[in-house]
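One file, model.csv, is given below (CSV, C-alpha atoms (C1' of nucleotides)).
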chain,number,residue,atom,x,y,z
D,670,MET,CA,15.5,22.3,31.6
D,671,GLU,CA,13.5,19.2,30.8
D,672,GLN,CA,12.9,16.4,33.2
D,673,SER,CA,15.9,14.4,34.0
D,674,ALA,CA,16.1,10.8,32.6
D,675,GLY,CA,15.4,9.5,36.1
D,676,ASP,CA,12.3,11.5,36.6
D,677,LEU,CA,11.0,10.5,33.2
D,678,LEU,CA,11.4,6.8,34.1
D,679,LYS,CA,9.7,7.3,37.4
D,680,SER,CA,6.8,9.2,35.8
D,681,LYS,CA,6.1,6.1,33.7
D,682,GLY,CA,6.4,3.7,36.6
D,683,LEU,CA,9.6,2.2,35.3
D,684,ARG,CA,12.6,1.3,37.4
D,685,ASN,CA,15.3,3.9,37.4
D,686,THR,CA,18.3,2.0,36.3
D,687,ALA,CA,21.7,3.2,35.0
D,688,PRO,CA,21.4,1.7,31.5
D,689,ARG,CA,18.0,3.2,30.9
D,690,ARG,CA,19.2,6.6,32.0
D,691,ALA,CA,22.3,6.2,29.8
D,692,ILE,CA,20.1,5.4,26.7
D,693,LEU,CA,17.9,8.4,27.2
D,694,THR,CA,20.9,10.7,27.7
D,695,ALA,CA,22.7,9.2,24.8
D,696,LEU,CA,19.7,9.9,22.5
D,697,GLN,CA,19.8,13.6,23.4
D,698,GLY,CA,21.5,15.4,20.5
D,699,HIS,CA,21.6,12.2,18.4
D,700,PRO,CA,18.1,12.1,17.1
D,701,HIS,CA,18.4,9.0,15.0
D,702,SER,CA,20.6,6.3,16.6
D,703,THR,CA,20.8,2.6,15.8
D,704,ALA,CA,21.2,0.1,18.6
D,705,SER,CA,24.9,-0.2,17.8
D,706,ASP,CA,25.4,3.6,17.8
D,707,LEU,CA,24.0,3.6,21.3
D,708,GLU,CA,26.1,0.6,22.3
D,709,ARG,CA,29.2,2.5,21.2
D,710,ARG,CA,28.2,5.8,22.7
D,711,ILE,CA,27.3,4.3,26.0
D,712,GLY,CA,30.2,1.9,26.1
D,713,ALA,CA,32.6,4.8,25.4
D,714,ARG,CA,31.6,6.9,28.4
D,715,LYS,CA,34.3,7.6,31.0
D,716,SER,CA,36.2,4.4,31.6
D,717,GLY,CA,35.1,2.3,34.5
D,718,SER,CA,31.5,3.0,33.6
D,719,SER,CA,29.2,0.2,32.7
D,720,GLY,CA,29.1,-0.4,29.0
D,721,LEU,CA,25.8,-2.1,28.5
D,722,SER,CA,25.4,-5.6,27.1
D,723,LYS,CA,23.8,-6.0,23.8
D,724,GLN,CA,20.9,-7.9,25.2
D,725,GLY,CA,20.4,-5.4,28.0
D,726,LEU,CA,20.4,-2.7,25.4
D,727,TYR,CA,17.6,-4.4,23.3
D,728,ASN,CA,15.6,-5.1,26.5
D,729,ALA,CA,15.8,-1.5,27.6
D,730,LEU,CA,15.0,-0.1,24.2
D,731,GLU,CA,11.9,-2.3,24.1
D,732,VAL,CA,10.8,-1.2,27.5
D,733,LEU,CA,11.3,2.5,26.7
D,734,THR,CA,9.5,2.1,23.4
D,735,ASN,CA,6.5,0.5,25.0
D,736,ALA,CA,6.5,3.2,27.6
D,737,GLN,CA,6.4,5.8,24.8
D,738,LEU,CA,9.6,7.4,26.1
D,739,ILE,CA,11.3,6.8,22.8
D,740,ARG,CA,10.2,5.8,19.3
D,741,CYS,CA,11.5,3.2,17.0
D,742,PHE,CA,11.6,3.6,13.2
D,743,GLU,CA,12.9,1.2,10.6
D,744,PRO,CA,13.5,2.7,7.1
D,745,ALA,CA,14.1,0.1,4.4
D,746,GLY,CA,17.7,-0.9,4.1
D,747,SER,CA,18.7,0.4,7.5
D,748,PRO,CA,18.7,-1.1,11.0
D,749,ALA,CA,16.2,0.2,13.5
D,750,LEU,CA,16.6,3.8,14.5
D,751,TYR,CA,15.5,5.2,17.9
D,752,GLU,CA,14.6,8.8,18.6
D,753,LEU,CA,13.3,10.8,21.5
D,754,ARG,CA,10.6,12.7,19.7
D,755,VAL,CA,7.4,11.0,20.6
D,756,CYS,CA,3.7,11.9,20.6
D,757,ASP,CA,4.0,14.4,17.7
D,758,ASN,CA,3.5,11.8,15.0
D,759,HIS,CA,6.2,13.3,12.9
D,760,HIS,CA,7.5,11.7,9.6
D,761,HIS,CA,10.7,11.2,7.8
D,762,LEU,CA,12.6,12.2,4.7
D,763,VAL,CA,15.3,9.8,3.4
D,764,CYS,CA,17.9,10.4,0.8
D,765,ARG,CA,18.1,7.4,-1.6
D,766,LYS,CA,21.8,8.1,-2.2
D,767,CYS,CA,23.5,9.0,1.0
D,768,GLY,CA,20.9,7.7,3.4
D,769,VAL,CA,20.6,11.0,5.3
D,770,LEU,CA,17.5,11.3,7.3
D,771,GLU,CA,15.4,14.4,8.3
D,772,ASP,CA,12.4,14.8,10.5
D,773,VAL,CA,9.3,16.4,9.0
D,774,ASP,CA,6.5,17.7,11.2
D,775,CYS,CA,3.1,16.2,10.7
D,776,HIS,CA,0.5,18.5,9.4
D,777,THR,CA,-1.9,17.4,12.0
D,778,GLY,CA,0.4,16.3,14.8
D,779,VAL,CA,-1.8,13.5,16.0
D,780,ALA,CA,-1.9,9.9,14.7
D,781,PRO,CA,-3.3,8.7,12.4
D,782,CYS,CA,-3.0,11.8,10.4
D,783,LEU,CA,-4.3,10.4,7.2
D,784,ASP,CA,-6.9,7.9,6.2
D,785,PRO,CA,-6.5,5.3,3.5
D,786,VAL,CA,-8.9,5.1,0.5
D,787,GLU,CA,-10.3,1.9,2.1
D,788,SER,CA,-9.6,0.5,5.5
D,789,LYS,CA,-10.4,-3.2,4.7
D,790,GLY,CA,-11.8,-3.5,8.2
D,791,PHE,CA,-8.6,-2.5,10.0
D,792,ALA,CA,-8.7,-0.4,13.2
D,793,ILE,CA,-5.9,2.0,12.2
D,794,ASP,CA,-3.9,3.8,14.8
D,795,GLU,CA,-1.0,5.2,12.8
D,796,ALA,CA,-0.1,6.4,9.4
D,797,GLU,CA,3.6,6.2,8.9
D,798,ILE,CA,4.9,8.3,6.0
D,799,THR,CA,8.4,8.1,4.5
D,800,TRP,CA,9.4,10.4,1.7
D,801,TRP,CA,12.2,9.1,-0.6
D,802,GLY,CA,14.3,11.3,-2.8
D,803,LEU,CA,17.7,13.0,-3.0
D,804,CYS,CA,19.0,15.4,-0.5
D,805,ALA,CA,20.3,18.8,-1.6
D,806,GLN,CA,23.9,17.7,-1.5
D,807,CYS,CA,23.4,14.6,-3.5
D,808,GLN,CA,21.4,16.5,-6.1
D,809,GLU,CA,24.4,18.7,-6.6
D,810,THR,CA,26.7,15.7,-6.9
D,811,VAL,CA,24.5,14.1,-9.6
D,812,ALA,CA,24.2,17.4,-11.5
D,813,GLY,CA,27.9,18.0,-11.4
D,814,SER,CA,29.0,14.6,-12.6
Z,469,MET,CA,-4.0,-12.8,-21.1
Z,470,GLU,CA,-1.1,-10.6,-20.0
Z,471,GLN,CA,2.3,-10.6,-21.6
Z,472,SER,CA,4.3,-13.7,-20.8
Z,473,ALA,CA,7.2,-13.4,-18.4
Z,474,GLY,CA,9.6,-13.8,-21.3
Z,475,ASP,CA,8.0,-11.0,-23.3
Z,476,LEU,CA,8.1,-8.7,-20.2
Z,477,LEU,CA,11.8,-9.3,-19.9
Z,478,LYS,CA,12.4,-8.6,-23.6
Z,479,SER,CA,10.4,-5.4,-23.5
Z,480,LYS,CA,12.8,-4.1,-20.8
Z,481,GLY,CA,15.9,-5.2,-22.7
Z,482,LEU,CA,16.7,-7.8,-20.1
Z,483,ARG,CA,18.0,-11.3,-20.9
Z,484,ASN,CA,15.3,-13.9,-20.9
Z,485,THR,CA,16.5,-16.5,-18.4
Z,486,ALA,CA,14.8,-19.3,-16.6
Z,487,PRO,CA,15.2,-17.9,-13.1
Z,488,ARG,CA,13.8,-14.5,-14.0
Z,489,ARG,CA,10.8,-16.1,-15.7
Z,490,ALA,CA,10.4,-18.3,-12.6
Z,491,ILE,CA,10.4,-15.4,-10.3
Z,492,LEU,CA,7.8,-13.4,-12.3
Z,493,THR,CA,5.6,-16.5,-12.5
Z,494,ALA,CA,6.0,-17.3,-8.9
Z,495,LEU,CA,4.8,-13.8,-7.9
Z,496,GLN,CA,1.5,-14.2,-9.8
Z,497,GLY,CA,-1.1,-15.0,-7.2
Z,498,HIS,CA,1.3,-14.4,-4.3
Z,499,PRO,CA,1.3,-10.6,-4.1
Z,500,HIS,CA,3.6,-10.2,-1.1
Z,501,SER,CA,6.5,-12.8,-1.2
Z,502,THR,CA,9.7,-12.7,0.7
Z,503,ALA,CA,12.9,-13.9,-0.9
Z,504,SER,CA,12.7,-17.2,0.9
Z,505,ASP,CA,9.0,-17.7,-0.1
Z,506,LEU,CA,10.2,-17.4,-3.6
Z,507,GLU,CA,13.2,-19.7,-3.1
Z,508,ARG,CA,10.8,-22.3,-1.7
Z,509,ARG,CA,8.2,-21.9,-4.4
Z,510,ILE,CA,10.7,-22.0,-7.2
Z,511,GLY,CA,12.7,-24.8,-5.7
Z,512,ALA,CA,9.6,-26.8,-5.3
Z,513,ARG,CA,8.6,-26.8,-8.9
Z,514,LYS,CA,8.5,-30.1,-10.7
Z,515,SER,CA,11.5,-32.1,-9.7
Z,516,GLY,CA,14.5,-31.9,-12.0
Z,517,SER,CA,13.8,-28.2,-12.5
Z,518,SER,CA,16.4,-25.7,-11.5
Z,519,GLY,CA,15.8,-24.5,-8.0
Z,520,LEU,CA,17.6,-21.2,-8.0
Z,521,SER,CA,20.5,-20.4,-5.8
Z,522,LYS,CA,20.1,-17.8,-3.1
Z,523,GLN,CA,22.5,-15.4,-4.7
Z,524,GLY,CA,21.0,-15.8,-8.1
Z,525,LEU,CA,17.6,-15.0,-6.5
Z,526,TYR,CA,18.9,-11.8,-5.0
Z,527,ASN,CA,20.6,-10.8,-8.2
Z,528,ALA,CA,17.5,-11.4,-10.2
Z,529,LEU,CA,15.3,-9.6,-7.8
Z,530,GLU,CA,17.5,-6.6,-7.9
Z,531,VAL,CA,17.6,-6.5,-11.7
Z,532,LEU,CA,13.8,-6.9,-11.9
Z,533,THR,CA,13.3,-4.2,-9.3
Z,534,ASN,CA,15.6,-1.8,-11.2
Z,535,ALA,CA,13.7,-2.6,-14.4
Z,536,GLN,CA,10.4,-1.7,-12.6
Z,537,LEU,CA,9.0,-5.2,-13.3
Z,538,ILE,CA,8.6,-5.8,-9.6
Z,539,ARG,CA,8.5,-3.6,-6.5
Z,540,CYS,CA,10.2,-4.2,-3.2
Z,541,PHE,CA,8.7,-3.2,0.1
Z,542,GLU,CA,10.1,-3.6,3.6
Z,543,PRO,CA,7.7,-3.2,6.5
Z,544,ALA,CA,9.3,-2.8,9.9
Z,545,GLY,CA,10.0,-6.2,11.5
Z,546,SER,CA,9.7,-8.2,8.3
Z,547,PRO,CA,12.1,-9.2,5.6
Z,548,ALA,CA,11.8,-7.5,2.2
Z,549,LEU,CA,8.6,-8.3,0.3
Z,550,TYR,CA,8.3,-8.3,-3.5
Z,551,GLU,CA,5.2,-7.7,-5.5
Z,552,LEU,CA,4.2,-7.4,-9.1
Z,553,ARG,CA,2.1,-4.3,-8.8
Z,554,VAL,CA,4.2,-1.4,-10.0
Z,555,CYS,CA,3.5,2.0,-11.3
Z,556,ASP,CA,0.3,2.5,-9.4
Z,557,ASN,CA,2.0,3.9,-6.3
Z,558,HIS,CA,-0.2,1.9,-4.0
Z,559,HIS,CA,0.3,1.7,-0.2
Z,560,HIS,CA,0.0,-0.9,2.6
Z,561,LEU,CA,-2.0,-1.7,5.6
Z,562,VAL,CA,-0.3,-3.9,8.2
Z,563,CYS,CA,-1.8,-5.6,11.2
Z,564,ARG,CA,0.3,-5.1,14.3
Z,565,LYS,CA,-0.7,-8.4,15.8
Z,566,CYS,CA,-0.8,-11.0,13.1
Z,567,GLY,CA,1.3,-9.2,10.5
Z,568,VAL,CA,-1.3,-9.6,7.8
Z,569,LEU,CA,-0.7,-7.1,4.9
Z,570,GLU,CA,-3.2,-5.5,2.5
Z,571,ASP,CA,-2.7,-3.3,-0.5
Z,572,VAL,CA,-4.5,0.0,-0.5
Z,573,ASP,CA,-4.9,2.0,-3.7
Z,574,CYS,CA,-3.4,5.4,-3.8
Z,575,HIS,CA,-5.9,8.3,-4.1
Z,576,THR,CA,-3.8,9.9,-6.9
Z,577,GLY,CA,-2.1,6.8,-8.4
Z,578,VAL,CA,1.1,8.7,-9.2
Z,579,ALA,CA,4.2,9.2,-7.0
Z,580,PRO,CA,4.8,11.2,-5.0
Z,581,CYS,CA,1.1,11.4,-4.0
Z,582,LEU,CA,1.7,13.6,-1.0
Z,583,ASP,CA,3.9,16.6,-0.1
Z,584,PRO,CA,5.6,17.0,3.2
Z,585,VAL,CA,5.1,20.2,5.3
Z,586,GLU,CA,8.7,21.2,4.4
Z,587,SER,CA,11.0,19.4,2.0
Z,588,LYS,CA,14.3,20.5,3.5
Z,589,GLY,CA,15.8,20.8,0.0
Z,590,PHE,CA,15.1,17.2,-1.0
Z,591,ALA,CA,14.0,16.3,-4.5
Z,592,ILE,CA,11.2,13.9,-3.5
Z,593,ASP,CA,10.1,11.2,-5.9
Z,594,GLU,CA,8.0,8.9,-3.6
Z,595,ALA,CA,5.8,9.1,-0.6
Z,596,GLU,CA,5.6,5.7,1.0
Z,597,ILE,CA,2.7,5.3,3.3
Z,598,THR,CA,2.2,2.4,5.8
Z,599,TRP,CA,-0.9,2.2,7.9
Z,600,TRP,CA,-0.6,0.3,11.2
Z,601,GLY,CA,-3.5,-1.1,13.2
Z,602,LEU,CA,-5.4,-4.3,13.9
Z,603,CYS,CA,-7.1,-6.3,11.2
Z,604,ALA,CA,-10.7,-7.3,11.6
Z,605,GLN,CA,-9.9,-10.7,12.9
Z,606,CYS,CA,-7.4,-9.6,15.5
Z,607,GLN,CA,-9.9,-7.0,16.7
Z,608,GLU,CA,-12.4,-9.8,17.4
Z,609,THR,CA,-9.7,-11.8,19.3
Z,610,VAL,CA,-8.8,-8.9,21.5
Z,611,ALA,CA,-12.5,-8.0,22.2
Z,612,GLY,CA,-13.3,-11.6,22.9
Z,613,SER,CA,-10.5,-12.2,25.3
W,988,DC,C1',24.8,-23.7,-37.1
W,989,DC,C1',29.0,-22.4,-34.4
W,990,DT,C1',31.7,-19.3,-31.6
W,991,DC,C1',32.6,-16.3,-28.0
W,992,DA,C1',32.4,-12.6,-24.6
W,993,DA,C1',29.5,-10.4,-21.5
W,994,DA,C1',26.0,-11.3,-18.6
W,995,DA,C1',24.0,-14.4,-15.4
W,996,DC,C1',24.2,-18.0,-12.1
W,997,DT,C1',26.5,-21.2,-8.4
W,998,DT,C1',29.0,-22.1,-4.4
W,999,DG,C1',30.3,-21.3,0.1
W,1000,DA,C1',32.2,-18.4,3.5
W,1001,DC,C1',30.9,-14.3,5.9
W,1002,DT,C1',28.5,-10.2,8.3
W,1003,DG,C1',25.2,-7.6,10.9
W,1004,DA,C1',21.1,-7.2,13.4
W,1005,DG,C1',18.5,-9.2,16.4
W,1006,DT,C1',16.7,-13.3,19.5
W,1007,DC,C1',16.8,-17.2,23.0
W,1008,DA,C1',17.7,-19.3,27.3
W,1009,DA,C1',19.9,-19.8,31.5
W,1010,DC,C1',22.2,-17.5,35.0
W,1011,DT,C1',23.4,-13.5,38.2
W,1012,DC,C1',22.7,-8.9,40.0
W,1013,DT,C1',20.1,-4.9,42.0
W,1014,DG,C1',16.4,-1.2,42.9
W,1015,DG,C1',13.1,-0.1,45.9
W,1016,DT,C1',9.3,-1.8,48.9
W,1017,DG,C1',8.0,-3.7,53.5
X,899,DC,C1',18.4,-4.2,55.9
X,900,DA,C1',16.5,-8.4,53.6
X,901,DC,C1',14.1,-10.0,50.0
X,902,DC,C1',12.6,-11.0,45.3
X,903,DA,C1',10.7,-9.7,40.9
X,904,DG,C1',12.3,-7.2,37.5
X,905,DA,C1',16.7,-5.9,35.1
X,906,DG,C1',21.1,-7.1,33.2
X,907,DT,C1',24.9,-10.5,31.6
X,908,DT,C1',26.8,-14.1,28.8
X,909,DG,C1',27.2,-16.7,25.0
X,910,DA,C1',25.3,-19.5,21.5
X,911,DC,C1',22.2,-19.1,17.7
X,912,DT,C1',19.1,-17.6,13.7
X,913,DC,C1',17.8,-15.2,9.8
X,914,DA,C1',18.3,-12.1,5.9
X,915,DG,C1',21.3,-10.6,3.1
X,916,DT,C1',26.3,-9.7,1.0
X,917,DC,C1',31.0,-10.8,-1.0
X,918,DA,C1',34.1,-12.9,-4.0
X,919,DA,C1',35.7,-16.2,-7.1
X,920,DG,C1',34.7,-19.6,-10.3
X,921,DT,C1',31.4,-21.7,-13.9
X,922,DT,C1',27.6,-21.7,-17.1
X,923,DT,C1',24.3,-19.6,-20.4
X,924,DT,C1',22.4,-16.3,-23.5
X,925,DG,C1',22.1,-14.3,-27.8
X,926,DA,C1',24.6,-11.4,-31.3
X,927,DG,C1',27.9,-11.8,-35.1
X,928,DG,C1',30.3,-14.7,-38.3
The structure given in the file should be rewritten as structure tokens.
Amino acid sequence: MEQSAGDLLKSKGLRNTAPRRAILTALQGHPHSTASDLERRIGARKSGSSGLSKQGLYNALEVLTNAQLIRCFEPAGSPALYELRVCDNHHHLVCRKCGVLEDVDCHTGVAPCLDPVESKGFAIDEAEITWWGLCAQCQETVAGS
Amino acid sequence: MEQSAGDLLKSKGLRNTAPRRAILTALQGHPHSTASDLERRIGARKSGSSGLSKQGLYNALEVLTNAQLIRCFEPAGSPALYELRVCDNHHHLVCRKCGVLEDVDCHTGVAPCLDPVESKGFAIDEAEITWWGLCAQCQETVAGS
DNA sequence: CCTCAAAACTTGACTGAGTCAACTCTGGTG
DNA sequence: CACCAGAGTTGACTCAGTCAAGTTTTGAGG
């Protein structure tokens, strides 16, 4: 198996606290979670367990993001989504109708995978690509109507 | 000169109302405006003139966006930005530090300008690309500190 | 030019996502 | 095992945007 949440935190020199472990664990198997998804999922663990405060959640998410343990992504019209896949510079496909979201591998795998026509003097470190369209299911719905 | 705001509205079969004309006019020379920028700019016109309500503004922006007279763009961490450039599928460069935003032409000029490695059954109509980095000015600041 | 209904706009209450600030608790080092 | 900086809690607050119900305006037809 992979490293435990605690080991991951240690390997980045971060404190090994229950909320942080809970977030990392809660993200496994739920690749695109909003802050409130996480709040619900963590709060709902076996009764008696913590249930992290909103502020604590945002603090922890920020720390984990800065440490590159998780990645944050904000598609237009949606709250921020957090995911465990990092360092592979993958991109996203979003359905305009139902909002479903899919990961797409990057053709190069390292950021920035793409250069702009002109950089206007910027030092670019990432090219974020979002493809918009209709998912297979919504295409059927539209065609059938 | 270009078509007047009124003519543009007519050409799309939309009603020619003062607020809509005001929005189109206010966007000229202010390529990336938030809803509240627009509210301020329109409200501030010569006294006695309208000053559009918040709801009216959002309604009008939605109509104009649907009619392809303006385009809406939401970079992470910022409210929605509206711009007049449409139909050229251009992209954006954003400074991570100061938030400054630049337009970048698309190398093809038509959407979607780029195909994903795998489309997962989606019918894709747009590839939205955002480059993140540091603008020339912020690079100097960092280097100098 | 006048009328009228649909379309557009206004008002004001409300929501959701995230932030601020002040206080308390705890992990892990000495 | 005591300490304290870093982590978490609480609760008020902001900002961007939405909802719903009522009023005004636009422009097509008489």
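Counting all atoms listed in the file, every residue of chain X that comes within 12 Å of chain D is listed here: DA903, DG904, DA905, DG906, DT907, DT908, DG909, DA914 and DG915 of chain X.
For the set W:DT1016, W:DT1011, W:DT997, W:DT1002, the residue with the smallest atom-to-atom gap to chain Z is W:DT997, counting all atoms listed in the file.
Put simply, atom CA of Pro785 of chain D is 8.5 Å away from atom CA of His559 of chain Z.
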For DC989 of chain W, work out the shell of residues within 12 Å, counting all atoms listed in the file and skipping chain neighbours fewer than 2 positions away, then give it as number ranges by chain.
W: 991; X: 927-928
Contact check, chain W to chain Z, at most 12 Å, counting all atoms listed in the file, closest pairs as a tab-separated table:
residue	atom	partner	partner_atom	distance
W:DA993	C1'	Z:Arg483	CA	11.6
W:DA994	C1'	Z:Arg483	CA	8.3
W:DA995	C1'	Z:Gly524	CA	8.0
W:DC996	C1'	Z:Gly524	CA	5.6
W:DT997	C1'	Z:Ser521	CA	6.6
W:DT998	C1'	Z:Ser521	CA	8.8
W:DG999	C1'	Z:Gln523	CA	10.9
W:DA1004	C1'	Z:Gly545	CA	11.3
W:DG1005	C1'	Z:Gly545	CA	10.3
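If you look at atom CA of Ile798 of chain D and atom CA of Glu530 of chain Z, they are 24.0 Å away from each other.
The gap separating atom CA of Ala749 of chain D from atom CA of Ala544 of chain Z is 8.3 Å, in Å to one decimal.
Distance cut-off 12 Å, centre (9.0, -13.8, 0.2), atoms counted all atoms listed in the file; the residues meeting this are Z:Ile491, Z:Ala494, Z:Leu495, Z:His498, Z:Pro499, Z:His500, Z:Ser501, Z:Thr502, Z:Ala503, Z:Ser504, Z:Asp505, Z:Leu506, Z:Glu507, Z:Arg508, Z:Arg509, Z:Ile510, Z:Leu525, Z:Tyr526, Z:Leu529, Z:Cys540, Z:Phe541, Z:Glu542, Z:Ser546, Z:Pro547, Z:Ala548, Z:Leu549, Z:Tyr550, Z:Glu551, X:DA914.
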Practice item. Return as a ChimeraX atom specification the residues belonging to chain Z that are within 6 Å of chain D, counting all atoms listed in the file. Key: /Z:542,544,589-604
Just the selected residues (C-alpha atoms), exported as a JSON list (two decimals), in the frame of the given file, please.
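Dumped everything to again31.json:
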[["chain", "number", "residue", "atom", "x", "y", "z"],
["Z", 542, "GLU", "CA", 10.10, -3.60, 3.60],
["Z", 544, "ALA", "CA", 9.30, -2.80, 9.90],
["Z", 589, "GLY", "CA", 15.80, 20.80, 0.00],
["Z", 590, "PHE", "CA", 15.10, 17.20, -1.00],
["Z", 591, "ALA", "CA", 14.00, 16.30, -4.50],
["Z", 592, "ILE", "CA", 11.20, 13.90, -3.50],
["Z", 593, "ASP", "CA", 10.10, 11.20, -5.90],
["Z", 594, "GLU", "CA", 8.00, 8.90, -3.60],
["Z", 595, "ALA", "CA", 5.80, 9.10, -0.60],
["Z", 596, "GLU", "CA", 5.60, 5.70, 1.00],
["Z", 597, "ILE", "CA", 2.70, 5.30, 3.30],
["Z", 598, "THR", "CA", 2.20, 2.40, 5.80],
["Z", 599, "TRP", "CA", -0.90, 2.20, 7.90],
["Z", 600, "TRP", "CA", -0.60, 0.30, 11.20],
["Z", 601, "GLY", "CA", -3.50, -1.10, 13.20],
["Z", 602, "LEU", "CA", -5.40, -4.30, 13.90],
["Z", 603, "CYS", "CA", -7.10, -6.30, 11.20],
["Z", 604, "ALA", "CA", -10.70, -7.30, 11.60]]
